[in-house]
file upload.cif (mmCIF, C-alpha atoms)
data_structure
#
loop_
_atom_site.label_atom_id
_atom_site.label_comp_id
_atom_site.auth_asym_id
_atom_site.auth_seq_id
_atom_site.Cartn_x
_atom_site.Cartn_y
_atom_site.Cartn_z
CA MET S 24 14.32 23.68 37.79
CA SER S 25 16.45 22.97 34.66
CA GLN S 26 13.77 21.09 32.70
CA ARG S 27 12.34 22.99 29.69
CA PHE S 28 8.62 23.32 28.93
CA SER S 29 6.79 24.28 25.75
CA ASN S 30 3.74 25.76 27.49
CA PHE S 31 2.60 27.11 30.85
CA ALA S 32 0.22 24.19 31.47
CA ASP S 33 3.08 21.68 31.45
CA LEU S 34 5.14 23.96 33.66
CA ALA S 35 2.26 24.27 36.14
CA ASP S 36 1.77 20.50 36.22
CA HIS S 37 5.49 19.94 36.83
CA TYR S 38 5.56 22.51 39.64
CA ALA S 39 2.52 20.92 41.27
CA GLU S 40 4.25 17.53 41.14
CA GLN S 41 7.44 18.93 42.67
CA VAL S 42 5.60 20.53 45.61
CA ALA S 43 3.40 17.48 46.17
CA THR S 44 2.24 17.77 49.72
CA PRO S 45 1.24 15.55 52.64
CA ASP S 46 -2.39 14.45 52.77
CA TYR S 47 -4.26 17.57 53.88
CA GLY S 48 -7.48 15.59 54.19
CA ALA S 49 -5.97 13.26 56.80
CA ALA S 50 -4.07 16.02 58.61
CA PHE S 51 -7.18 18.19 58.97
CA MET S 52 -9.40 15.31 60.07
CA GLU S 53 -11.69 15.96 63.04
CA GLN S 54 -11.31 13.26 65.68
CA THR S 55 -14.17 14.40 67.88
CA GLU S 56 -17.50 16.21 67.48
CA MET S 57 -16.45 18.80 70.04
CA ALA S 58 -13.06 20.41 70.53
CA ARG S 59 -11.30 22.38 73.25
CA LEU S 60 -7.70 23.50 73.44
CA SER S 61 -7.66 23.67 77.25
CA ILE S 62 -9.96 22.69 80.07
CA ALA S 63 -10.29 26.39 80.87
CA GLU S 64 -12.15 26.96 77.61
CA GLU S 65 -15.65 25.89 76.71
CA PRO S 66 -15.99 23.12 74.10
CA THR S 67 -16.68 24.24 70.56
CA SER S 68 -18.32 22.53 67.62
CA ALA S 69 -16.37 24.67 65.14
CA GLU S 70 -14.93 22.64 62.29
CA MET S 71 -11.31 22.35 61.23
CA PRO S 72 -10.28 24.58 58.30
CA ASP S 73 -11.19 23.23 54.88
CA PRO S 74 -8.18 21.12 53.76
CA ASP S 75 -8.41 22.19 50.10
CA LYS S 76 -8.51 25.87 51.07
CA ALA S 77 -5.60 25.36 53.47
CA GLN S 78 -3.50 23.75 50.75
CA ALA S 79 -4.32 26.50 48.25
CA ALA S 80 -3.59 29.21 50.82
CA MET S 81 -0.17 27.75 51.64
CA GLU S 82 0.78 27.58 47.98
CA MET S 83 -0.39 31.16 47.46
CA ILE S 84 1.50 32.50 50.50
CA MET S 85 4.81 30.91 49.53
CA ALA S 86 4.49 31.58 45.81
CA THR S 87 3.63 35.22 46.42
CA VAL S 88 6.87 35.78 48.35
CA PHE S 89 9.03 34.40 45.55
CA ASP S 90 7.01 36.09 42.79
CA LEU S 91 7.17 39.47 44.54
CA PHE S 92 10.98 39.55 44.70
CA ARG S 93 11.79 37.58 41.54
CA ASP S 94 13.97 39.47 39.01
CA THR S 95 14.33 42.44 41.38
CA ARG S 96 17.25 43.70 43.40
CA MET S 97 15.63 42.11 46.47
CA GLU S 98 15.46 38.61 44.98
CA ASP S 99 18.22 37.36 47.28
CA PHE S 100 15.98 37.99 50.30
CA SER S 101 13.01 35.93 49.09
CA ALA S 102 14.50 32.71 50.47
CA GLU S 103 14.99 34.29 53.91
CA VAL S 104 11.38 35.49 54.05
CA ALA S 105 10.04 32.15 52.82
CA TRP S 106 12.19 30.29 55.36
CA GLY S 107 10.67 32.47 58.10
CA ILE S 108 7.16 31.53 56.98
CA ALA S 109 7.93 27.81 57.00
CA ASN S 110 9.71 28.12 60.34
CA SER S 111 6.76 29.95 61.90
CA PHE S 112 4.57 26.91 61.24
CA HIS S 113 7.31 24.73 62.74
CA VAL S 114 7.47 26.84 65.90
CA VAL S 115 3.71 26.82 66.43
CA ALA S 116 3.54 23.06 65.77
CA LYS S 117 6.22 22.51 68.39
CA ARG S 118 4.29 24.59 70.94
CA LEU S 119 1.12 22.64 70.24
CA ASP S 120 3.02 19.38 70.61
CA ASP S 121 4.39 20.54 73.98
CA ARG S 122 0.90 21.53 75.16
CA GLU S 123 -0.50 18.18 74.06
CA ASP S 124 2.28 16.39 75.89
CA ALA S 125 1.62 18.35 79.10
CA THR S 126 -2.12 17.67 78.85
CA SER S 127 -1.48 13.98 78.25
CA GLN S 128 0.77 13.82 81.31
CA LYS S 129 -1.99 15.33 83.45
CA LEU S 130 -4.39 12.77 82.06
CA ALA S 131 -1.96 9.94 82.80
CA GLU S 132 -1.58 11.09 86.40
CA LEU S 133 -5.34 11.31 86.79
CA LEU S 134 -5.88 7.81 85.43
CA LYS S 135 -3.54 6.32 88.03
CA THR S 136 -6.22 6.70 90.71
CA TRP S 137 -9.74 5.78 89.68
CA ASP S 138 -12.58 7.72 91.24
CA PRO S 139 -16.28 6.86 90.69
CA SER S 140 -17.37 10.46 91.19
CA GLU S 141 -18.94 12.52 88.44
CA VAL S 142 -16.31 15.23 88.95
CA TYR S 143 -13.54 12.73 88.22
CA GLN S 144 -15.26 11.43 85.09
CA THR S 145 -15.82 14.95 83.83
CA GLU S 146 -12.17 15.89 84.34
CA VAL S 147 -10.99 12.76 82.49
CA GLU S 148 -13.31 13.56 79.60
CA GLU S 149 -12.20 17.20 79.46
CA LEU S 150 -8.51 16.31 79.45
CA THR S 151 -9.00 13.62 76.80
CA ILE S 152 -10.84 16.00 74.49
CA ALA S 153 -8.23 18.70 75.08
CA ALA S 154 -5.35 16.33 74.28
CA ARG S 155 -7.02 15.10 71.12
CA SER S 156 -7.97 18.62 70.03
CA LEU S 157 -4.38 19.79 70.47
CA SER S 158 -3.26 16.76 68.47
CA GLU S 159 -5.63 17.70 65.63
CA CYS S 160 -4.28 21.25 65.48
CA CYS S 161 -0.68 20.03 65.69
CA ASP S 162 -1.23 17.59 62.81
CA ALA S 163 -2.69 20.38 60.65
CA MET S 164 0.13 22.78 61.51
CA GLU S 165 2.76 20.14 60.73
CA CYS S 166 1.09 19.39 57.40
CA MET S 167 1.25 23.06 56.39
CA ARG S 168 4.87 23.24 57.58
CA GLU S 169 5.81 20.25 55.42
CA HIS S 170 4.05 21.81 52.43
CA ALA S 171 5.83 25.14 52.96
CA ALA S 172 9.13 23.27 53.32
CA ARG S 173 8.53 21.42 50.04
CA ILE S 174 7.83 24.67 48.18
CA TYR S 175 10.87 26.29 49.78
CA HIS S 176 13.05 23.45 48.56
CA VAL S 177 11.71 23.57 44.99
CA GLU S 178 12.14 27.35 44.77
CA THR S 179 15.57 27.62 46.38
CA GLY S 180 17.14 24.23 45.73
CA ARG S 181 17.91 23.96 49.46
CA PRO S 182 15.92 21.77 51.87
CA PHE S 183 14.20 23.64 54.68
CA SER S 184 15.68 22.90 58.09
CA PRO S 185 14.50 24.64 61.28
CA VAL S 186 17.07 26.21 63.59
CA ARG S 187 15.80 24.26 66.58
CA GLY S 188 13.71 21.19 67.05
CA SER S 189 13.01 18.07 65.04
CA ARG S 190 10.59 18.06 62.14
CA VAL S 191 9.38 14.64 63.12
CA ALA S 192 5.61 14.62 63.35
CA SER S 193 3.98 13.04 66.39
CA LYS S 194 0.68 11.93 64.89
CA ALA S 195 -2.17 10.79 67.08
CA THR S 196 -4.33 8.10 65.53
CA ALA S 197 -7.96 8.73 64.65
CA SER S 198 -8.91 5.38 66.21
CA MET S 199 -8.32 6.58 69.79
CA ILE S 200 -11.47 6.24 71.84
CA GLU S 201 -10.63 5.77 75.48
CA ALA S 202 -8.36 7.98 77.54
CA ARG S 203 -6.09 5.06 78.46
CA ASP S 204 -5.73 4.15 74.77
CA TYR S 205 -4.73 7.71 74.04
CA ILE S 206 -2.07 7.67 76.74
CA ALA S 207 -0.72 4.30 75.60
CA SER S 208 -0.45 5.48 72.02
CA ARG S 209 1.22 8.72 73.05
CA ALA S 210 3.71 6.83 75.21
CA GLN S 211 4.60 4.57 72.28
CA GLN S 212 5.27 7.60 70.08
CA ARG S 213 7.51 9.11 72.74
CA ARG S 214 9.40 5.85 73.18
CA GLU S 215 9.95 5.72 69.44
CA GLN S 216 11.26 9.28 69.43
CA TYR S 217 13.63 8.95 72.37
CA ALA S 218 14.49 5.25 72.16
CA PRO S 219 13.92 4.39 68.49
CA SER S 220 13.25 0.79 67.62
CA GLY S 221 14.01 1.07 63.91
CA ALA S 222 17.32 0.88 62.04
CA VAL S 223 19.25 3.77 63.56
CA VAL S 224 22.10 5.45 61.69
CA ALA S 225 24.22 7.59 64.01
CA PHE S 226 25.66 10.90 62.83
CA SER S 227 27.88 13.61 64.27
CA GLY S 228 30.29 16.22 62.97
CA GLY S 229 32.07 19.44 63.76
CA GLN S 230 30.36 22.82 63.73
CA ALA S 231 32.85 24.16 61.17
CA TRP S 232 32.09 21.39 58.66
CA ALA S 233 30.94 22.76 55.26
CA ASP S 234 31.20 19.87 52.74
CA HIS S 235 27.51 19.33 51.96
CA ALA S 236 28.12 17.05 48.99
CA LEU S 237 30.25 14.53 50.88
CA VAL S 238 27.72 14.13 53.71
CA TRP S 239 24.80 13.78 51.32
CA GLU S 240 26.72 11.28 49.20
CA TYR S 241 27.32 8.95 52.15
CA LEU S 242 23.79 9.33 53.51
CA ASP S 243 22.32 8.61 50.06
CA CYS S 244 24.32 5.38 49.89
CA ILE S 245 23.18 4.28 53.34
CA LYS S 246 19.53 5.00 52.56
CA VAL S 247 19.73 2.80 49.47
CA ARG S 248 20.76 -0.09 51.75
CA ILE S 249 18.46 0.90 54.64
CA PRO S 250 15.33 2.58 53.18
CA SER S 251 13.61 2.82 56.58
CA MET S 252 16.60 4.29 58.39
CA ILE S 253 16.27 6.65 61.37
CA LEU S 254 18.96 9.32 61.67
CA ALA S 255 20.22 10.06 65.19
CA THR S 256 22.33 13.23 65.34
CA THR S 257 24.14 15.21 68.01
CA ALA S 258 21.74 18.11 67.28
CA GLN S 259 24.20 20.96 66.86
CA ASN S 260 22.81 24.13 65.30
CA LYS S 261 25.48 24.56 62.65
CA GLY S 262 27.97 22.56 60.67
CA ALA S 263 27.70 18.87 59.85
CA ASP S 264 24.59 18.14 61.95
CA VAL S 265 22.60 20.84 60.14
CA ILE S 266 23.72 19.46 56.77
CA ALA S 267 22.57 15.98 57.81
CA ALA S 268 19.25 17.36 59.05
CA SER S 269 18.74 19.10 55.70
CA TRP S 270 19.39 15.82 53.90
CA ALA S 271 16.86 14.09 56.16
CA ALA S 272 14.28 16.79 55.43
CA LYS S 273 14.72 16.32 51.69
CA ASN S 274 14.45 12.53 51.94
CA ASP S 275 11.65 12.32 54.54
CA VAL S 276 13.90 10.51 57.01
CA LYS S 277 13.01 10.58 60.68
CA VAL S 278 15.51 12.45 62.85
CA VAL S 279 16.15 11.88 66.54
CA LEU S 280 17.92 14.86 68.09
CA CYS S 281 20.26 13.92 70.94
CA ARG S 282 20.77 17.21 72.74
CA LEU S 283 23.21 17.98 75.52
CA ASP S 284 21.96 17.81 79.08
CA ARG S 285 23.58 21.00 80.36
CA ALA S 286 22.96 19.93 83.96
CA LEU S 287 25.72 17.33 83.51
CA GLY S 288 28.36 20.01 82.98
CA ASN S 289 31.57 18.81 81.32
CA ARG S 290 30.23 15.24 81.11
CA ALA S 291 27.24 16.23 78.96
CA ALA S 292 28.77 15.51 75.55
CA PHE S 293 30.19 12.16 76.63
CA VAL S 294 26.88 11.09 78.17
CA ARG S 295 25.18 12.07 74.92
CA ASN S 296 27.65 9.90 73.00
CA ASP S 297 26.81 6.98 75.28
CA ARG S 298 23.15 7.55 74.60
CA ILE S 299 23.69 7.42 70.83
CA VAL S 300 25.68 4.20 71.13
CA GLY S 301 22.87 2.90 73.33
CA PHE S 302 20.50 3.18 70.36
CA ARG S 303 22.51 0.27 68.87
CA PRO S 304 22.98 1.91 65.46
CA VAL S 305 23.43 -0.33 62.45
CA GLU S 306 25.82 2.14 60.83
CA ALA S 307 27.40 5.49 61.67
CA ILE S 308 29.00 8.55 60.11
CA VAL S 309 31.34 10.80 62.08
CA CYS S 310 32.70 13.91 60.38
CA SER S 311 35.92 15.45 61.66
CA GLY S 312 35.42 17.97 64.42
CA THR S 313 36.58 18.03 68.03
CA GLY S 314 37.50 15.50 70.66
CA ILE S 315 33.79 14.88 71.15
CA GLN S 316 33.51 13.41 67.67
CA ALA S 317 36.67 11.40 68.25
CA ASN S 318 35.20 10.04 71.48
CA LEU S 319 31.99 9.02 69.71
CA ALA S 320 33.95 7.33 66.95
CA ASP S 321 35.95 5.33 69.51
CA LYS S 322 32.79 4.23 71.31
CA LEU S 323 31.12 3.21 68.06
CA ARG S 324 34.17 1.15 67.05
CA THR S 325 34.22 -0.54 70.46
CA ALA S 326 30.54 -1.39 70.05
CA GLY S 327 31.28 -2.96 66.65
CA VAL S 328 29.21 -0.43 64.67
CA PRO S 329 30.21 -0.08 60.97
CA LEU S 330 31.72 3.41 60.90
CA HIS S 331 32.55 5.99 58.24
CA VAL S 332 34.94 8.71 59.42
CA LEU S 333 34.82 11.63 56.99
CA ARG S 334 37.21 14.49 56.40
CA GLU S 335 36.40 17.48 54.22
CA ARG S 336 37.79 17.04 50.72
CA ALA S 337 39.03 20.65 50.55
CA ALA S 338 41.02 20.14 53.75
CA MET S 339 42.46 16.85 52.44
CA GLN S 340 43.57 18.51 49.19
CA GLY S 341 45.22 21.32 51.18
#
call {"tool": "encode", "arguments": {"input": "upload.cif", "output": "structure tokens"}}
result
Amino acid sequence: MSQRFSNFADLADHYAEQVATPDYGAAFMEQTEMARLSIAEEPTSAEMPDPDKAQAAMEMIMATVFDLFRDTRMEDFSAEVAWGIANSFHVVAKRLDDREDATSQKLAELLKTWDPSEVYQTEVEELTIAARSLSECCDAMECMREHAARIYHVETGRPFSPVRGSRVASKATASMIEARDYIASRAQQRREQYAPSGAVVAFSGGQAWADHALVWEYLDCIKVRIPSMILATTAQNKGADVIAASWAAKNDVKVVLCRLDRALGNRAAFVRNDRIVGFRPVEAIVCSGTGIQANLADKLRTAGVPLHVLRERAAMQG
């Protein structure tokens, strides 16, 4: 933070503004009177954690890490430790999301065949409560992850980006009442994640790409024109795709990760490119890389998608 302050109160207010967090009250909202995280467990009336205490705890945890190492010979490691804390919330949120998805699938299968028996009704009720309870916990975990990520970015100057998995939240709505409504809502969220209906901007680049500034510059320009853009990337774990994911994290842009289907063997990357083109992107950025990026660029041109092909400025000067 380069801004100067004349007193600690102003500094504290500025820091609080910089780490402004998602709505803890909404994220920690209880959707049902009773909760259960699996049908094997008994329902519980225990409340969700207090949102104000959760917010304060997250700020204390992250701040303590940076304060402990600041101005010491271990200061360089504070970012790594803080990243691990933020990532741990991401990992747990992803596991909760997977469990909710599996529970919802069981519920969907059960609802396909109606049964007037009491046993059937009980099972539907148990699965519905379990799915909604998992959704509650996932929402809370994602909220704390986003808060930790915000603090990480303010302290380090680098946006938090997990190694694996999208940071896109899959929020269940508090208005869900019936099991079928829950399933319909969940299906819509999944369709939006895997077949986005918004203004998609496609992105791909080589794993050796290192020009952060150039990627961010182009993405900033596109977001000015398309404020509600969705970023679809080729989901590689290093290089240009990670840089783009970091930009998306900083700017609260939804990311759709198009991973390789390893079962397709040598065709996997080309099938993934077809899938990205199938999103009908309104614009695209392809950074220099391998023949896979060249193939995607060709397919985007053929589809008439406005395309920016980038080359690293250092390489161009050389």
call {"tool": "residues_around", "arguments": {"input": "upload.cif", "residues": "Pro185 in chain S", "least_positions_apart": "3", "cutoff": "10 Å", "atoms": "only C-alpha atoms", "output": "PyMOL selection string"}}
result
chain S and resi 106-107+109-111+113-114+172+182+188-190+260+265+268-269+272
call {"tool": "resolve_selection", "arguments": {"input": "upload.cif", "expression": "the PyMOL selection byres ((chain S and resi 334) around 10)", "output": "list in words"}}
result
Gly228, Trp232, Asp234, Leu237, Val238, Val309, Cys310, Ser311, Gly312, His331, Val332, Leu333, Glu335, Arg336, Ala337, Ala338 and Met339 of chain S
call {"tool": "atom_distance", "arguments": {"input": "upload.cif", "atom1": "CA of Ile308 in chain S", "atom2": "CA of Ala225 in chain S"}}
result
6.2 Å
call {"tool": "resolve_selection", "arguments": {"input": "upload.cif", "expression": "the PyMOL selection byres ((chain S and resi 288-301) around 8)", "output": "ChimeraX atom specification"}}
result
/S:225,255,257,281-287,302-304,315,318-319,322-323,326
call {"tool": "closest_residue", "arguments": {"input": "upload.cif", "among": "S:Ile174, S:Ala267, S:Leu330, S:Ala307", "to": "Glu82 in chain S", "atoms": "all atoms listed in the file"}}
result
S:Ile174
call {"tool": "closest_residue", "arguments": {"input": "upload.cif", "among": "S:Gly314, S:Gly262, S:Pro74, S:Pro250", "to": "Asn274 in chain S", "atoms": "all atoms listed in the file"}}
result
S:Pro250
call {"tool": "resolve_selection", "arguments": {"input": "upload.cif", "expression": "the PyMOL selection byres ((chain S and resi 121) around 12)", "output": "list of chain:residue names"}}
result
S:Val114, S:Val115, S:Ala116, S:Lys117, S:Arg118, S:Leu119, S:Asp120, S:Arg122, S:Glu123, S:Asp124, S:Ala125, S:Thr126, S:Ser127, S:Gln128, S:Ala154, S:Leu157, S:Ser158, S:Cys161, S:Gly188, S:Ser193, S:Arg213
call {"tool": "closest_residue", "arguments": {"input": "upload.cif", "among": "S:Val147, S:Leu130, S:Cys166, S:Met97", "to": "Met52 in chain S", "atoms": "only C-alpha atoms"}}
result
S:Cys166
call {"tool": "atom_distance", "arguments": {"input": "upload.cif", "atom1": "CA of Arg168 in chain S", "atom2": "CA of Asp243 in chain S"}}
result
24.0 Å
call {"tool": "residues_around", "arguments": {"input": "upload.cif", "residues": "Met71 in chain S", "least_positions_apart": "4", "cutoff": "10 Å", "atoms": "all atoms listed in the file", "output": "PyMOL selection string"}}
result
chain S and resi 50-53+58+159-160+163
call {"tool": "closest_residue", "arguments": {"input": "upload.cif", "among": "S:Ala233, S:Val305, S:Phe112, S:Phe92", "to": "Asp162 in chain S", "atoms": "all atoms listed in the file"}}
result
S:Phe112
call {"tool": "residues_near_point", "arguments": {"input": "upload.cif", "point": "(17.8, 24.3, 46.8)", "cutoff": "12 Å", "atoms": "only C-alpha atoms", "output": "CSV table (one decimal) with C-alpha atoms, in the frame of the given file"}}
result
chain,number,residue,atom,x,y,z
S,24,MET,CA,14.3,23.7,37.8
S,102,ALA,CA,14.5,32.7,50.5
S,106,TRP,CA,12.2,30.3,55.4
S,172,ALA,CA,9.1,23.3,53.3
S,173,ARG,CA,8.5,21.4,50.0
S,174,ILE,CA,7.8,24.7,48.2
S,175,TYR,CA,10.9,26.3,49.8
S,176,HIS,CA,13.0,23.4,48.6
S,177,VAL,CA,11.7,23.6,45.0
S,178,GLU,CA,12.1,27.4,44.8
S,179,THR,CA,15.6,27.6,46.4
S,180,GLY,CA,17.1,24.2,45.7
S,181,ARG,CA,17.9,24.0,49.5
S,182,PRO,CA,15.9,21.8,51.9
S,183,PHE,CA,14.2,23.6,54.7
S,184,SER,CA,15.7,22.9,58.1
S,269,SER,CA,18.7,19.1,55.7
S,270,TRP,CA,19.4,15.8,53.9
S,272,ALA,CA,14.3,16.8,55.4
S,273,LYS,CA,14.7,16.3,51.7
call {"tool": "closest_residue", "arguments": {"input": "upload.cif", "among": "S:Ile253, S:Leu280, S:Asp321, S:Val224", "to": "Glu306 in chain S", "atoms": "only C-alpha atoms"}}
result
S:Val224
call {"tool": "closest_residue", "arguments": {"input": "upload.cif", "among": "S:Ala171, S:Ala131, S:Val223, S:Met164", "to": "Met85 in chain S", "atoms": "only C-alpha atoms"}}
result
S:Ala171
call {"tool": "residues_around", "arguments": {"input": "upload.cif", "residues": "Arg59 in chain S", "least_positions_apart": "4", "cutoff": "10 Å", "atoms": "all atoms listed in the file", "output": "ChimeraX atom specification"}}
result
/S:63-69,149-157
call {"tool": "build_atoms", "arguments": {"input": "upload.cif", "residues": "range 91-101 of chain S", "atoms": "all heavy atoms", "output": "mmCIF file, keeping the file's coordinate frame"}}
result
data_model
loop_
_atom_site.group_PDB
_atom_site.id
_atom_site.type_symbol
_atom_site.label_atom_id
_atom_site.label_comp_id
_atom_site.auth_asym_id
_atom_site.auth_seq_id
_atom_site.Cartn_x
_atom_site.Cartn_y
_atom_site.Cartn_z
ATOM 1 N N LEU S 91 7.017 38.049 44.236
ATOM 2 C CA LEU S 91 7.170 39.470 44.540
ATOM 3 C C LEU S 91 8.606 39.945 44.311
ATOM 4 O O LEU S 91 8.847 41.013 43.739
ATOM 5 C CB LEU S 91 6.757 39.740 45.991
ATOM 6 C CG LEU S 91 7.011 41.152 46.522
ATOM 7 C CD1 LEU S 91 6.163 42.164 45.756
ATOM 8 C CD2 LEU S 91 6.718 41.220 48.018
ATOM 9 N N PHE S 92 9.583 39.126 44.765
ATOM 10 C CA PHE S 92 10.980 39.550 44.700
ATOM 11 C C PHE S 92 11.715 39.075 43.443
ATOM 12 O O PHE S 92 12.811 39.548 43.167
ATOM 13 C CB PHE S 92 11.732 39.022 45.928
ATOM 14 C CG PHE S 92 11.272 39.625 47.222
ATOM 15 C CD1 PHE S 92 10.780 38.823 48.249
ATOM 16 C CD2 PHE S 92 11.328 40.985 47.418
ATOM 17 C CE1 PHE S 92 10.356 39.386 49.444
ATOM 18 C CE2 PHE S 92 10.916 41.557 48.611
ATOM 19 C CZ PHE S 92 10.425 40.754 49.629
ATOM 20 N N ARG S 93 11.106 38.160 42.684
ATOM 21 C CA ARG S 93 11.790 37.580 41.540
ATOM 22 C C ARG S 93 12.192 38.656 40.516
ATOM 23 O O ARG S 93 11.403 39.550 40.186
ATOM 24 C CB ARG S 93 10.907 36.526 40.866
ATOM 25 C CG ARG S 93 11.696 35.504 40.066
ATOM 26 C CD ARG S 93 10.793 34.511 39.358
ATOM 27 N NE ARG S 93 9.762 33.952 40.205
ATOM 28 C CZ ARG S 93 9.924 32.898 40.987
ATOM 29 N NH1 ARG S 93 11.109 32.312 41.069
ATOM 30 N NH2 ARG S 93 8.917 32.444 41.710
ATOM 31 N N ASP S 94 13.434 38.555 40.024
ATOM 32 C CA ASP S 94 13.970 39.470 39.010
ATOM 33 C C ASP S 94 14.031 40.923 39.506
ATOM 34 O O ASP S 94 13.931 41.868 38.720
ATOM 35 C CB ASP S 94 13.132 39.410 37.716
ATOM 36 C CG ASP S 94 13.162 38.027 37.087
ATOM 37 O OD1 ASP S 94 14.223 37.367 37.162
ATOM 38 O OD2 ASP S 94 12.134 37.602 36.539
ATOM 39 N N THR S 95 14.140 41.103 40.816
ATOM 40 C CA THR S 95 14.330 42.440 41.380
ATOM 41 C C THR S 95 15.622 42.438 42.183
ATOM 42 O O THR S 95 16.222 41.394 42.440
ATOM 43 C CB THR S 95 13.164 42.849 42.300
ATOM 44 O OG1 THR S 95 13.261 42.126 43.540
ATOM 45 C CG2 THR S 95 11.818 42.552 41.651
ATOM 46 N N ARG S 96 16.030 43.605 42.615
ATOM 47 C CA ARG S 96 17.250 43.700 43.400
ATOM 48 C C ARG S 96 17.095 43.085 44.789
ATOM 49 O O ARG S 96 18.078 42.917 45.523
ATOM 50 C CB ARG S 96 17.696 45.156 43.521
ATOM 51 C CG ARG S 96 16.767 46.054 44.324
ATOM 52 C CD ARG S 96 17.266 47.485 44.373
ATOM 53 N NE ARG S 96 17.317 48.082 43.031
ATOM 54 C CZ ARG S 96 17.785 49.306 42.786
ATOM 55 N NH1 ARG S 96 18.233 50.056 43.781
ATOM 56 N NH2 ARG S 96 17.793 49.781 41.562
ATOM 57 N N MET S 97 15.864 42.741 45.164
ATOM 58 C CA MET S 97 15.630 42.110 46.470
ATOM 59 C C MET S 97 15.435 40.599 46.358
ATOM 60 O O MET S 97 15.049 39.948 47.330
ATOM 61 C CB MET S 97 14.393 42.740 47.143
ATOM 62 C CG MET S 97 14.571 44.197 47.510
ATOM 63 S SD MET S 97 13.152 44.846 48.413
ATOM 64 C CE MET S 97 13.256 43.915 49.948
ATOM 65 N N GLU S 98 15.705 40.041 45.188
ATOM 66 C CA GLU S 98 15.460 38.610 44.980
ATOM 67 C C GLU S 98 16.211 37.729 45.977
ATOM 68 O O GLU S 98 15.713 36.697 46.416
ATOM 69 C CB GLU S 98 15.840 38.223 43.554
ATOM 70 C CG GLU S 98 15.514 36.771 43.238
ATOM 71 C CD GLU S 98 15.667 36.449 41.756
ATOM 72 O OE1 GLU S 98 16.186 37.307 41.019
ATOM 73 O OE2 GLU S 98 15.250 35.354 41.343
ATOM 74 N N ASP S 99 17.418 38.169 46.360
ATOM 75 C CA ASP S 99 18.220 37.360 47.280
ATOM 76 C C ASP S 99 17.557 37.176 48.640
ATOM 77 O O ASP S 99 17.898 36.247 49.392
ATOM 78 C CB ASP S 99 19.598 38.000 47.485
ATOM 79 C CG ASP S 99 20.474 37.893 46.239
ATOM 80 O OD1 ASP S 99 20.105 37.131 45.320
ATOM 81 O OD2 ASP S 99 21.505 38.586 46.171
ATOM 82 N N PHE S 100 16.608 38.061 48.975
ATOM 83 C CA PHE S 100 15.980 37.990 50.300
ATOM 84 C C PHE S 100 14.716 37.115 50.309
ATOM 85 O O PHE S 100 14.162 36.851 51.372
ATOM 86 C CB PHE S 100 15.628 39.387 50.800
ATOM 87 C CG PHE S 100 16.816 40.306 50.873
ATOM 88 C CD1 PHE S 100 16.919 41.394 50.034
ATOM 89 C CD2 PHE S 100 17.840 40.061 51.772
ATOM 90 C CE1 PHE S 100 18.022 42.238 50.089
ATOM 91 C CE2 PHE S 100 18.941 40.886 51.832
ATOM 92 C CZ PHE S 100 19.035 41.977 50.992
ATOM 93 N N SER S 101 14.251 36.699 49.130
ATOM 94 C CA SER S 101 13.010 35.930 49.090
ATOM 95 C C SER S 101 13.139 34.617 49.858
ATOM 96 O O SER S 101 12.205 34.191 50.550
ATOM 97 C CB SER S 101 12.608 35.647 47.639
ATOM 98 O OG SER S 101 13.623 34.908 46.963
#
